[in-house]
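Undergrad: Structure in structure tokens, see below.
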Amino acid sequence: MILRLALGSLLARALTVGMTILAIALSVALFLGVEKVRTGARASFADTISGTDLIVGARSGSVQLLLYSVFRIGNATNNVTWESYQDIAARPEVDWIVPISLGDSHRQFRVMGTTQAFFEQYKYRGGRSLVVKQGHGLEDLYDAVLGAEVAATLGYEVGDPIVVSHGLASFTEHDDQPFRVAGIIDRTGTPVDRTVIVSLEAIEAIHVDWRSGAQIPGQTTPVDRIRQMDLKPSAITAALIGVKSRLQIFGLQRLINDYPEEPLLAILPGVALQELWQIVGVAETALTAVSAMVVVTALLGMMAMIFSSLNERRREMAIWRAMGARPATILGLLVLEAALMAAIGAILGLALLYAGLFIAQPLVDSAFGLWLPIGPPTARELFVLAGVIGAASIASLLPAIRAYRLSLADGMMVRI
Amino acid sequence: MADQALTLEDVRFRWPGRASFGLSVPSFHMTQGESVLLLGESGSGKSTLLSLICGIVTADSGRVEVGGSDLATLRAGARDRFRAERIGVIFQQFNLLPYASVSDNIMLPLRFAPERRKRAAPDEVATLCSALGLPDEITGTTAGHLSVGQQQRVAVARALIGQPPLIVADEPTSALDAATQDTFLGLLFERIAATESSLLMVSHDERLGARFDRVVRLSDIAQTERMAA
């Protein structure tokens with residue numbers, strides 16, 4: 001009966017109560033939404049590269065190697081010589097190896113030289129392969145395959161000519177050897193989207209007339225002569241390795257790290273991703289904190305609403321008291337009302353979240369390559385909902401205690 | 001003393017935090033089944049006296065007994081329960097929870113009084129409503145939608161359900177027009193006679209006195225103390 005009366009009391013103030021519930025629902029939906037994006041981003045981040053057992057580069061830090069080899073952020077301090085690369089490639093443990101050569105750019109995007117094997121071995125989001133959705137892969141020397149974002153930003157289509165610039169922010173262009181867009185890769189949500197992929201030989205080809213990072217004055221080798229040349233690279237930036245048996249990963253890693261001819265570094269991508277996430281993760285904590293503040297704000301709004309309703313409800317409290325209700329019953333009634341509002345708000349918020357997810361999931365996936373899974377509420381989410389209801393009950397204690405005091409002081413005589 | 005419905009002896013009371021107003025009642029008694037009209041102007045301490053009798057506030061000294069039980073010996077929770085069990089209260093107006101149905105309003109005191117709940121017949125809400133001239137279908141209506149006259153009759157039904165020995169009414173007719181007042185009092189007295197409850201009604205209207213066993217002026221039984229602020 002008390003529950004029915006509490007519901008009736010809420011219904012009678014449908015407008016203010018409705019606004020309060022809406023505020024709680026929106027804040028809960030925001031909080032859970034941020035949680036979804038956060039875990040989705042974390043999973044996407046961890047899924048940036050999969051299937052690769054080791055990444056090899058010149059000796060530096062593991063996060064740095066990961067950043068430039070996978071995320072195309074920053075630069076390699078040194079290269080890996082072609083001889084070392086071939087030494088490692090010849091190890092019996094190595095199942096496959098994909099060389100990567102970085103250093104040039106096209107507009108704001110990095111150019112990466114690699115082999116056709118990259119398309120076969122690079123995996124993301126739990127073993128998905130790259131899909132060339134338009135055109136084809138690297139066939140001709142001057143073929144370039146674009147990531148989805150490169151094509152979308154610059155408006156390229158298959159067959160368009162593109163010119164690669166030397167270095168990352170220079171005005172020198174390799175305009176004597178233009179490339180042709182051979183294919184465009186489907187969006188992956190990984191740094192591949194922002195990469196121009198060419199063959200390893202093409203990187204050599206455009207640098208035929210270059211020595212020590214500068215063009216040899218007056219020398220231009222014609223394209224048809226370059227095509228006849230042996231375009232074996234002298235060095236690469238890094239290499240992705242898959243081993244035959246997972247048991248051999250650590251052995252091979254130690255072997256590469258102790259490689260006597262050259263200081264090299266081999267890292268496990270998963271471990272380096274974890275390290276990197278610990279750095280990026282601060283933003284995630286900040287995001288959670290902000291959305292938690294929004295929930296707190298909504299609950300404070302509810303508290304203010306209960307406070308302001310107390311005066312007009314003093315008469316009602318006097319009736320309860322006259323009928324034999326203890327002051328504690330009045331306190332309980334107000335807390336119950338708050339808990340009901342929070343519970344309705346929380347459930348509504350959850351509904352909003354799912355509605356939002358169903359609408360946004362395909363959009364977010366295609367726009368940001370971020371996959372937001374839709375599933376039953378997780379234990380953590382249910383815990384959050386229970387927390388909101390609990391916090392609302394605690395917040396309502398303040399106005400409820402005031403009502404308790406008022407009902408003690410007023411007794412049966414309330415002058416309105 | 002068992003036939004005493006209400007006893008006040010040497011009662012002194014001062015509102016906590018409101019030192020400027022106090023009330024003392026040297027002696028006042030009501031026997032069981034008696035109906036008393038207490039006349040007093042507004043501000044004469046009527047509501048304070050009713051709060052004392054209902055056990056919502058306790059006297060600083062002296063004795064307040066309802067049906068032979070000294071309220072001062074009961075703890076706060078027990079006093080609230082005692083009130084629910086033994087006293088039916090009718091206010092001037094705004095008696096009902098406006099958002100609750102008529103039947104929920106009538107049964108509200110039973111929620112806090114298990115013994116009174118046992119005394120109440122299962123169909124007592126319907127019986128009381130028809131006895132008070134309220135249409136049957138009204139019980140499901142939200143109380144806020146009723147006319148003032150209907151609301152006051154619902155308040156009477158609520159005060160009478162489960163037959164509490166004492167009914168306390170604080171100017172229940174002041175919000176009603178003369179014709180409705182008469183009908184209302186007629187119904188109230190009819191019900192009180194049926195349940196043999198005592199009735200203590202406070203009013204400033206002397207014309208009501210004819211129906212009561214006894215008319216008492218508040219100024220004759222109680223002194224109010226006012227100090228200049």
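By convention here, the chains of the structure tokens are called A, B, ... in the order presented, each chain's residues are numbered starting at 1, and ligands are numbered starting at 1 in the order presented.
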Write out as a list in words which residues come within 9 Å of Leu353 of chain A when counting only C-alpha atoms, dropping same-chain ones fewer than 5 positions away.
TA: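 Residues meeting the cut-off are Leu26, Val28, Ala29, Leu30, Leu32, Gly33, Leu348 and Phe358 of chain A.
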Undergrad: For chain A, which residues have at least one atom within 8 Å of chain B, if we go by only C-alpha atoms? Write them as an MDAnalysis selection string, please.
TA: chainID A and resid 1 5 8:9 11:12 315:316 319 321:326 408 411:413
Undergrad: Since we have the selection now, will you write its residues out, keeping all heavy atoms, as a short mmCIF file (atom, residue, chain, number, x, y, z; two decimals), in the first residue's frame?
TA:
data_model
loop_
_atom_site.label_atom_id
_atom_site.label_comp_id
_atom_site.auth_asym_id
_atom_site.auth_seq_id
_atom_site.Cartn_x
_atom_site.Cartn_y
_atom_site.Cartn_z
N MET A 1 0.84 -1.20 0.00
CA MET A 1 0.00 0.00 0.00
C MET A 1 0.87 1.25 0.00
O MET A 1 0.64 2.19 -0.75
CB MET A 1 -0.89 -0.01 1.25
CG MET A 1 -1.80 1.22 1.32
SD MET A 1 -2.92 1.07 2.71
CE MET A 1 -3.85 2.57 2.57
N LEU A 5 1.00 4.12 -2.74
CA LEU A 5 0.85 5.54 -2.42
C LEU A 5 2.05 6.34 -2.91
O LEU A 5 1.91 7.45 -3.43
CB LEU A 5 0.66 5.73 -0.92
CG LEU A 5 -0.67 5.19 -0.38
CD1 LEU A 5 -0.74 5.38 1.13
CD2 LEU A 5 -1.85 5.86 -1.06
N GLY A 8 1.62 6.77 -6.50
CA GLY A 8 0.57 7.75 -6.74
C GLY A 8 1.07 9.16 -6.52
O GLY A 8 0.79 10.08 -7.30
N SER A 9 1.87 9.35 -5.46
CA SER A 9 2.42 10.66 -5.16
C SER A 9 3.33 11.13 -6.29
O SER A 9 3.31 12.29 -6.67
CB SER A 9 3.17 10.58 -3.83
OG SER A 9 4.11 11.60 -3.74
N LEU A 11 3.15 10.12 -9.44
CA LEU A 11 2.30 10.35 -10.61
C LEU A 11 1.61 11.70 -10.54
O LEU A 11 1.45 12.39 -11.54
CB LEU A 11 1.24 9.25 -10.71
CG LEU A 11 1.60 8.07 -11.61
CD1 LEU A 11 0.49 7.03 -11.57
CD2 LEU A 11 1.82 8.55 -13.04
N ALA A 12 1.23 12.08 -9.29
CA ALA A 12 0.52 13.34 -9.12
C ALA A 12 1.41 14.53 -9.46
O ALA A 12 0.93 15.60 -9.80
CB ALA A 12 0.03 13.47 -7.68
N ARG A 315 1.58 19.60 4.55
CA ARG A 315 0.22 19.21 4.89
C ARG A 315 0.07 17.69 4.79
O ARG A 315 -0.49 17.03 5.67
CB ARG A 315 -0.73 19.91 3.91
CG ARG A 315 -2.18 19.69 4.17
CD ARG A 315 -2.65 20.54 5.31
NE ARG A 315 -3.30 19.70 6.31
CZ ARG A 315 -3.69 20.14 7.50
NH1 ARG A 315 -3.49 21.40 7.82
NH2 ARG A 315 -4.27 19.32 8.35
N GLU A 316 0.60 17.15 3.69
CA GLU A 316 0.54 15.71 3.46
C GLU A 316 1.25 14.95 4.58
O GLU A 316 0.76 13.94 5.09
CB GLU A 316 1.21 15.43 2.11
CG GLU A 316 1.17 13.99 1.68
CD GLU A 316 2.07 13.77 0.47
OE1 GLU A 316 2.25 14.71 -0.33
OE2 GLU A 316 2.60 12.65 0.34
N ILE A 319 -0.88 14.79 7.60
CA ILE A 319 -1.92 13.76 7.49
C ILE A 319 -1.35 12.39 7.85
O ILE A 319 -1.91 11.64 8.64
CB ILE A 319 -2.52 13.74 6.07
CG1 ILE A 319 -3.24 15.06 5.78
CG2 ILE A 319 -3.47 12.56 5.91
CD1 ILE A 319 -3.63 15.24 4.32
N ARG A 321 1.19 11.77 9.71
CA ARG A 321 1.46 11.71 11.13
C ARG A 321 0.16 11.48 11.91
O ARG A 321 0.12 10.66 12.83
CB ARG A 321 2.11 13.03 11.59
CG ARG A 321 3.52 13.21 11.10
CD ARG A 321 4.49 12.35 11.87
NE ARG A 321 4.76 12.88 13.21
CZ ARG A 321 4.81 12.14 14.30
NH1 ARG A 321 4.60 10.85 14.22
NH2 ARG A 321 5.07 12.67 15.46
N ALA A 322 -0.89 12.22 11.56
CA ALA A 322 -2.16 12.11 12.29
C ALA A 322 -2.72 10.69 12.19
O ALA A 322 -3.35 10.20 13.10
CB ALA A 322 -3.15 13.12 11.77
N MET A 323 -2.47 10.06 11.04
CA MET A 323 -2.99 8.71 10.86
C MET A 323 -2.15 7.67 11.60
O MET A 323 -2.43 6.49 11.54
CB MET A 323 -3.01 8.35 9.36
CG MET A 323 -4.02 9.14 8.55
SD MET A 323 -5.64 9.08 9.31
CE MET A 323 -5.87 10.78 9.72
N GLY A 324 -1.09 8.11 12.25
CA GLY A 324 -0.31 7.18 13.04
C GLY A 324 1.03 6.80 12.45
O GLY A 324 1.73 5.95 12.99
N ALA A 325 1.40 7.46 11.32
CA ALA A 325 2.70 7.16 10.74
C ALA A 325 3.79 7.75 11.63
O ALA A 325 3.66 8.87 12.12
CB ALA A 325 2.80 7.76 9.34
N ARG A 326 4.87 6.97 11.82
CA ARG A 326 5.99 7.51 12.59
C ARG A 326 6.79 8.46 11.69
O ARG A 326 6.74 8.33 10.47
CB ARG A 326 6.93 6.37 12.99
CG ARG A 326 6.27 5.35 13.84
CD ARG A 326 7.26 4.24 14.06
NE ARG A 326 6.62 3.14 14.74
CZ ARG A 326 7.30 2.19 15.35
NH1 ARG A 326 8.62 2.20 15.32
NH2 ARG A 326 6.67 1.21 15.96
N LEU A 408 8.19 16.41 12.89
CA LEU A 408 8.24 16.41 14.35
C LEU A 408 7.83 17.77 14.89
O LEU A 408 7.08 17.88 15.86
CB LEU A 408 9.67 16.09 14.82
CG LEU A 408 10.02 14.61 14.95
CD1 LEU A 408 11.42 14.47 15.50
CD2 LEU A 408 9.03 13.88 15.85
N GLY A 411 3.87 18.70 13.95
CA GLY A 411 2.80 17.94 14.55
C GLY A 411 1.62 17.93 13.61
O GLY A 411 1.76 17.68 12.42
N MET A 412 0.45 18.26 14.16
CA MET A 412 -0.74 18.23 13.30
C MET A 412 -1.13 19.62 12.84
O MET A 412 -2.09 19.80 12.15
CB MET A 412 -1.90 17.61 14.06
CG MET A 412 -1.60 16.21 14.46
SD MET A 412 -3.03 15.27 14.93
CE MET A 412 -4.14 16.45 15.57
N MET A 413 -0.37 20.62 13.30
CA MET A 413 -0.79 21.97 12.94
C MET A 413 0.17 22.57 11.92
O MET A 413 1.27 22.97 12.24
CB MET A 413 -0.86 22.86 14.17
CG MET A 413 0.18 22.57 15.22
SD MET A 413 -0.07 23.53 16.70
CE MET A 413 0.36 25.14 16.17
#
Undergrad: Using only C-alpha atoms, which of the listed residues (B:Ala120, B:Val102, B:Val202, B:Leu188) sits closest to Gly162 of chain B?
TA: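 Closest to Gly162 of chain B, using only C-alpha atoms: B:Ala120.
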Undergrad: As a PyMOL selection string, please: the residues near Asp209 of chain A (cut-off 10 Å, only C-alpha atoms, same-chain neighbours under 5 positions excluded).
TA: chain A and resi 204+214-221
Undergrad: Suppose we keep all heavy atoms; can you now write the selection as an mmCIF file, in the first residue's frame?
TA:
data_model
loop_
_atom_site.group_PDB
_atom_site.id
_atom_site.type_symbol
_atom_site.label_atom_id
_atom_site.label_comp_id
_atom_site.auth_asym_id
_atom_site.auth_seq_id
_atom_site.Cartn_x
_atom_site.Cartn_y
_atom_site.Cartn_z
ATOM 1 N N GLU A 204 62.540 1.894 -53.137
ATOM 2 C CA GLU A 204 63.913 1.944 -53.684
ATOM 3 C C GLU A 204 63.940 2.772 -54.956
ATOM 4 O O GLU A 204 64.804 3.626 -55.158
ATOM 5 C CB GLU A 204 64.425 0.524 -53.979
ATOM 6 C CG GLU A 204 64.989 -0.182 -52.773
ATOM 7 C CD GLU A 204 65.984 0.669 -52.001
ATOM 8 O OE1 GLU A 204 67.002 1.083 -52.606
ATOM 9 O OE2 GLU A 204 65.741 0.950 -50.811
ATOM 10 N N ALA A 214 69.278 13.383 -49.822
ATOM 11 C CA ALA A 214 69.190 14.542 -50.714
ATOM 12 C C ALA A 214 69.312 14.066 -52.153
ATOM 13 O O ALA A 214 69.980 13.067 -52.444
ATOM 14 C CB ALA A 214 70.279 15.552 -50.401
ATOM 15 N N GLN A 215 68.648 14.806 -53.039
ATOM 16 C CA GLN A 215 68.671 14.419 -54.453
ATOM 17 C C GLN A 215 70.041 14.766 -55.047
ATOM 18 O O GLN A 215 70.569 15.849 -54.797
ATOM 19 C CB GLN A 215 67.569 15.188 -55.192
ATOM 20 C CG GLN A 215 67.209 14.550 -56.517
ATOM 21 C CD GLN A 215 65.881 15.071 -57.037
ATOM 22 O OE1 GLN A 215 65.324 16.031 -56.501
ATOM 23 N NE2 GLN A 215 65.371 14.452 -58.072
ATOM 24 N N ILE A 216 70.596 13.834 -55.825
ATOM 25 C CA ILE A 216 71.866 14.128 -56.489
ATOM 26 C C ILE A 216 71.582 15.143 -57.598
ATOM 27 O O ILE A 216 70.749 14.886 -58.464
ATOM 28 C CB ILE A 216 72.480 12.838 -57.083
ATOM 29 C CG1 ILE A 216 72.684 11.805 -55.950
ATOM 30 C CG2 ILE A 216 73.793 13.134 -57.816
ATOM 31 C CD1 ILE A 216 72.916 10.406 -56.446
ATOM 32 N N PRO A 217 72.217 16.296 -57.536
ATOM 33 C CA PRO A 217 71.874 17.365 -58.482
ATOM 34 C C PRO A 217 72.054 16.926 -59.943
ATOM 35 O O PRO A 217 73.044 16.276 -60.295
ATOM 36 C CB PRO A 217 72.866 18.482 -58.132
ATOM 37 C CG PRO A 217 73.340 18.172 -56.761
ATOM 38 C CD PRO A 217 73.300 16.694 -56.636
ATOM 39 N N GLY A 218 71.074 17.240 -60.751
ATOM 40 C CA GLY A 218 71.171 17.001 -62.195
ATOM 41 C C GLY A 218 70.941 15.570 -62.620
ATOM 42 O O GLY A 218 70.857 15.284 -63.818
ATOM 43 N N GLN A 219 70.836 14.644 -61.684
ATOM 44 C CA GLN A 219 70.714 13.234 -62.081
ATOM 45 C C GLN A 219 69.260 12.780 -62.066
ATOM 46 O O GLN A 219 68.590 12.855 -61.039
ATOM 47 C CB GLN A 219 71.541 12.362 -61.128
ATOM 48 C CG GLN A 219 71.538 10.891 -61.537
ATOM 49 C CD GLN A 219 72.378 10.038 -60.596
ATOM 50 O OE1 GLN A 219 73.366 10.520 -60.035
ATOM 51 N NE2 GLN A 219 71.989 8.789 -60.438
ATOM 52 N N THR A 220 68.729 12.389 -63.201
ATOM 53 C CA THR A 220 67.409 11.784 -63.228
ATOM 54 C C THR A 220 67.467 10.539 -64.098
ATOM 55 O O THR A 220 67.742 10.618 -65.302
ATOM 56 C CB THR A 220 66.339 12.736 -63.812
ATOM 57 O OG1 THR A 220 66.925 13.465 -64.897
ATOM 58 C CG2 THR A 220 65.792 13.688 -62.772
ATOM 59 N N THR A 221 67.272 9.432 -63.479
ATOM 60 C CA THR A 221 67.280 8.176 -64.207
ATOM 61 C C THR A 221 65.890 7.976 -64.817
ATOM 62 O O THR A 221 64.904 8.109 -64.104
ATOM 63 C CB THR A 221 67.604 7.015 -63.260
ATOM 64 O OG1 THR A 221 68.706 7.401 -62.432
ATOM 65 C CG2 THR A 221 67.941 5.759 -64.028
#
Undergrad: Run DSSP on the backbone and give me the residues of segment 217-372 of chain A it puts in helix (DSSP H, G or I), as a PyMOL selection string.
TA: chain A and resi 223-226+246-257+269-312+314-322+327-368
Undergrad: Find the spatial neighbours of Gly133 of chain B, counting only C-alpha atoms, within a cut-off of 12 Å - ignore same-chain residues fewer than 6 positions away - and output them as an MDAnalysis selection string.
TA: chainID B and resid 126:127 149:154 156:157 183:184 186:188 191
Undergrad: For the residues selected in the previous step, produce a file with N, CA and C atoms as a PDB file, in the first residue's frame.
TA:
ATOM      1  N   ALA B 126     -17.075   0.153   2.134  1.00  0.00           N
ATOM      2  CA  ALA B 126     -18.330   0.314   1.383  1.00  0.00           C
ATOM      3  C   ALA B 126     -19.474   0.682   2.319  1.00  0.00           C
ATOM      4  N   THR B 127     -19.538   0.015   3.502  1.00  0.00           N
ATOM      5  CA  THR B 127     -20.598   0.292   4.464  1.00  0.00           C
ATOM      6  C   THR B 127     -20.557   1.752   4.889  1.00  0.00           C
ATOM      7  N   GLY B 149     -17.104  18.970   0.296  1.00  0.00           N
ATOM      8  CA  GLY B 149     -18.077  18.259   1.128  1.00  0.00           C
ATOM      9  C   GLY B 149     -17.841  16.756   1.113  1.00  0.00           C
ATOM     10  N   GLN B 150     -17.572  16.234  -0.103  1.00  0.00           N
ATOM     11  CA  GLN B 150     -17.304  14.792  -0.209  1.00  0.00           C
ATOM     12  C   GLN B 150     -16.012  14.435   0.520  1.00  0.00           C
ATOM     13  N   GLN B 151     -14.997  15.292   0.361  1.00  0.00           N
ATOM     14  CA  GLN B 151     -13.716  15.027   1.020  1.00  0.00           C
ATOM     15  C   GLN B 151     -13.893  14.937   2.531  1.00  0.00           C
ATOM     16  N   GLN B 152     -14.711  15.859   3.105  1.00  0.00           N
ATOM     17  CA  GLN B 152     -14.894  15.835   4.543  1.00  0.00           C
ATOM     18  C   GLN B 152     -15.617  14.568   4.986  1.00  0.00           C
ATOM     19  N   ARG B 153     -16.536  14.093   4.144  1.00  0.00           N
ATOM     20  CA  ARG B 153     -17.248  12.849   4.501  1.00  0.00           C
ATOM     21  C   ARG B 153     -16.308  11.646   4.407  1.00  0.00           C
ATOM     22  N   VAL B 154     -15.402  11.670   3.409  1.00  0.00           N
ATOM     23  CA  VAL B 154     -14.389  10.611   3.325  1.00  0.00           C
ATOM     24  C   VAL B 154     -13.509  10.658   4.571  1.00  0.00           C
ATOM     25  N   VAL B 156     -14.410  11.592   7.517  1.00  0.00           N
ATOM     26  CA  VAL B 156     -15.178  10.990   8.614  1.00  0.00           C
ATOM     27  C   VAL B 156     -15.095   9.468   8.524  1.00  0.00           C
ATOM     28  N   ALA B 157     -15.256   8.955   7.301  1.00  0.00           N
ATOM     29  CA  ALA B 157     -15.168   7.501   7.119  1.00  0.00           C
ATOM     30  C   ALA B 157     -13.817   6.991   7.592  1.00  0.00           C
ATOM     31  N   THR B 183     -25.973  18.678   7.205  1.00  0.00           N
ATOM     32  CA  THR B 183     -25.976  17.289   6.755  1.00  0.00           C
ATOM     33  C   THR B 183     -24.759  16.549   7.305  1.00  0.00           C
ATOM     34  N   PHE B 184     -23.612  17.214   7.203  1.00  0.00           N
ATOM     35  CA  PHE B 184     -22.355  16.607   7.627  1.00  0.00           C
ATOM     36  C   PHE B 184     -22.418  16.220   9.103  1.00  0.00           C
ATOM     37  N   GLY B 186     -25.047  15.832  10.960  1.00  0.00           N
ATOM     38  CA  GLY B 186     -26.054  14.792  11.145  1.00  0.00           C
ATOM     39  C   GLY B 186     -25.455  13.407  10.910  1.00  0.00           C
ATOM     40  N   LEU B 187     -24.723  13.285   9.798  1.00  0.00           N
ATOM     41  CA  LEU B 187     -24.097  12.002   9.466  1.00  0.00           C
ATOM     42  C   LEU B 187     -23.054  11.610  10.507  1.00  0.00           C
ATOM     43  N   LEU B 188     -22.253  12.606  10.929  1.00  0.00           N
ATOM     44  CA  LEU B 188     -21.191  12.323  11.901  1.00  0.00           C
ATOM     45  C   LEU B 188     -21.782  11.786  13.201  1.00  0.00           C
ATOM     46  N   ARG B 191     -23.148   8.226  12.953  1.00  0.00           N
ATOM     47  CA  ARG B 191     -22.112   7.189  12.941  1.00  0.00           C
ATOM     48  C   ARG B 191     -21.506   7.008  14.328  1.00  0.00           C
TER      49      ARG B 191
END
Undergrad: Calculate how many Å separate atom CA of Phe31 of chain A from atom CA of Thr378 of chain A, rounding to one decimal.
TA: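 Here the two named atoms are 13.8 Å from each other.
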Undergrad: Neighbouring residues of Ala58 of chain A were defined as those with any atom within 10 Å, considering only C-alpha atoms; residues of the same chain fewer than 6 positions away were excluded. Please report them as a compact mmCIF listing (two decimals) with all heavy atoms, in the first residue's frame.
TA:
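Output saved as out-v2.txt:
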# COMPACT_ATOMS: atom_id res chain seq x y z
N LEU A 65 58.78 1.58 -30.92
CA LEU A 65 58.76 0.68 -32.08
C LEU A 65 57.32 0.40 -32.50
O LEU A 65 56.98 0.43 -33.70
CB LEU A 65 59.51 -0.62 -31.74
CG LEU A 65 59.51 -1.73 -32.79
CD1 LEU A 65 60.04 -1.22 -34.12
CD2 LEU A 65 60.36 -2.92 -32.32
N ALA A 76 61.47 6.13 -36.86
CA ALA A 76 62.51 5.20 -36.45
C ALA A 76 63.80 5.96 -36.29
O ALA A 76 64.11 6.86 -37.08
CB ALA A 76 62.67 4.11 -37.50
N THR A 77 64.55 5.65 -35.23
CA THR A 77 65.84 6.32 -35.08
C THR A 77 66.88 5.66 -35.98
O THR A 77 67.88 6.27 -36.33
CB THR A 77 66.32 6.21 -33.62
OG1 THR A 77 66.10 4.88 -33.18
CG2 THR A 77 65.53 7.17 -32.74
N ASN A 78 66.62 4.43 -36.33
CA ASN A 78 67.58 3.71 -37.13
C ASN A 78 66.87 2.67 -37.98
O ASN A 78 65.71 2.35 -37.74
CB ASN A 78 68.61 3.01 -36.22
CG ASN A 78 70.01 3.25 -36.72
OD1 ASN A 78 70.23 3.33 -37.93
ND2 ASN A 78 70.96 3.36 -35.79
N ASN A 79 67.59 2.13 -38.95
CA ASN A 79 66.99 1.12 -39.80
C ASN A 79 67.53 -0.26 -39.48
O ASN A 79 68.48 -0.42 -38.71
CB ASN A 79 67.27 1.45 -41.27
CG ASN A 79 66.36 2.55 -41.76
OD1 ASN A 79 65.29 2.79 -41.20
ND2 ASN A 79 66.78 3.22 -42.81
N VAL A 80 66.89 -1.24 -40.08
CA VAL A 80 67.39 -2.61 -40.00
C VAL A 80 68.01 -2.92 -41.36
O VAL A 80 67.36 -2.70 -42.39
CB VAL A 80 66.23 -3.59 -39.72
CG1 VAL A 80 66.74 -5.02 -39.65
CG2 VAL A 80 65.50 -3.19 -38.45
N THR A 81 69.24 -3.39 -41.38
CA THR A 81 69.88 -3.64 -42.68
C THR A 81 69.24 -4.85 -43.35
O THR A 81 68.65 -5.72 -42.70
CB THR A 81 71.39 -3.92 -42.52
OG1 THR A 81 71.54 -5.07 -41.69
CG2 THR A 81 72.11 -2.73 -41.91
N ILE A 236 65.50 -1.71 -44.22
CA ILE A 236 64.06 -1.55 -44.00
C ILE A 236 63.85 -0.92 -42.62
O ILE A 236 64.79 -0.83 -41.83
CB ILE A 236 63.30 -2.90 -44.09
CG1 ILE A 236 63.88 -3.88 -43.08
CG2 ILE A 236 63.33 -3.44 -45.51
CD1 ILE A 236 63.00 -5.08 -42.83
N THR A 237 62.64 -0.50 -42.34
CA THR A 237 62.38 0.16 -41.05
C THR A 237 62.05 -0.87 -39.97
O THR A 237 62.55 -0.80 -38.85
CB THR A 237 61.20 1.13 -41.18
OG1 THR A 237 61.41 1.93 -42.35
CG2 THR A 237 61.10 2.03 -39.98
N ALA A 238 61.21 -1.82 -40.32
CA ALA A 238 60.80 -2.82 -39.34
C ALA A 238 60.26 -4.04 -40.07
O ALA A 238 60.11 -4.01 -41.30
CB ALA A 238 59.72 -2.25 -38.41
N ASN A 257 67.04 -9.96 -29.99
CA ASN A 257 67.54 -8.91 -29.09
C ASN A 257 69.05 -9.05 -28.85
O ASN A 257 69.71 -8.06 -28.53
CB ASN A 257 66.79 -8.96 -27.76
CG ASN A 257 65.39 -8.38 -27.90
OD1 ASN A 257 65.11 -7.62 -28.82
ND2 ASN A 257 64.49 -8.77 -27.01
N GLU A 262 74.11 -6.27 -35.18
CA GLU A 262 73.39 -4.99 -35.22
C GLU A 262 72.49 -4.93 -34.00
O GLU A 262 71.90 -5.94 -33.61
CB GLU A 262 72.52 -4.96 -36.50
CG GLU A 262 71.98 -3.62 -36.84
CD GLU A 262 71.18 -3.64 -38.15
OE1 GLU A 262 70.97 -4.72 -38.73
OE2 GLU A 262 70.75 -2.57 -38.56
N PRO A 263 72.34 -3.75 -33.38
CA PRO A 263 71.42 -3.67 -32.23
C PRO A 263 69.96 -3.68 -32.71
O PRO A 263 69.51 -2.73 -33.34
CB PRO A 263 71.78 -2.34 -31.57
CG PRO A 263 72.44 -1.53 -32.63
CD PRO A 263 73.03 -2.46 -33.63
N LEU A 264 69.27 -4.77 -32.42
CA LEU A 264 67.88 -4.91 -32.86
C LEU A 264 66.97 -5.07 -31.64
O LEU A 264 67.43 -5.37 -30.54
CB LEU A 264 67.73 -6.12 -33.79
CG LEU A 264 68.44 -6.05 -35.13
CD1 LEU A 264 68.18 -7.33 -35.91
CD2 LEU A 264 67.98 -4.84 -35.92
N LEU A 265 65.69 -4.88 -31.88
CA LEU A 265 64.70 -5.06 -30.82
C LEU A 265 63.52 -5.83 -31.38
O LEU A 265 63.01 -5.50 -32.45
CB LEU A 265 64.24 -3.68 -30.30
CG LEU A 265 63.10 -3.70 -29.28
CD1 LEU A 265 63.57 -4.26 -27.95
CD2 LEU A 265 62.54 -2.30 -29.07
N ALA A 266 63.10 -6.87 -30.67
CA ALA A 266 61.89 -7.60 -31.06
C ALA A 266 60.88 -7.44 -29.93
O ALA A 266 61.22 -7.60 -28.76
CB ALA A 266 62.23 -9.07 -31.28
Undergrad: Could you jot down the atom CA of Arg254 of chain A to atom CA of Gly242 of chain A separation for me, Å, one decimal place?
TA: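 Computed distance, atom CA of Arg254 of chain A to atom CA of Gly242 of chain A, equals 15.1 Å.
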Undergrad: Can you tell me how far atom CA of Pro165 of chain B sits from atom CA of Ile221 of chain B, in Å to one decimal?
TA: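 The value is 22.5 Å.
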Undergrad: Ser44 of chain B: which residues within 8 Å, counting only C-alpha atoms, same-chain residues fewer than 6 positions away excluded, as a PyMOL selection string?
TA: chain B and resi 218-219+224
Undergrad: Taking only segment 9-128 of chain A into account, list the residues labelled strand (DSSP E) by DSSP (computed from the backbone), as number ranges by chain.
TA: A: 54-58, 80-81, 94-106, 109-114, 123-124, 128
Undergrad: Please provide as a ChimeraX atom specification all residues within 8 Å of Glu149 of chain A, with the sequence filter that same-chain residues fewer than 5 positions apart are discarded (counting only C-alpha atoms).
TA: /A:187,193-194
Undergrad: For the residues selected in the previous step, produce a file with N, CA and C atoms as a tab-separated table (two decimals), in the first residue's frame.
TA:
chain	number	residue	atom	x	y	z
A	187	ARG	N	37.46	-0.08	-44.88
A	187	ARG	CA	37.79	0.53	-43.58
A	187	ARG	C	38.03	-0.54	-42.51
A	193	ASP	N	44.09	2.45	-42.34
A	193	ASP	CA	43.18	3.37	-43.02
A	193	ASP	C	43.87	4.65	-43.44
A	194	ARG	N	44.91	5.01	-42.71
A	194	ARG	CA	45.57	6.29	-42.98
A	194	ARG	C	46.92	6.09	-43.65
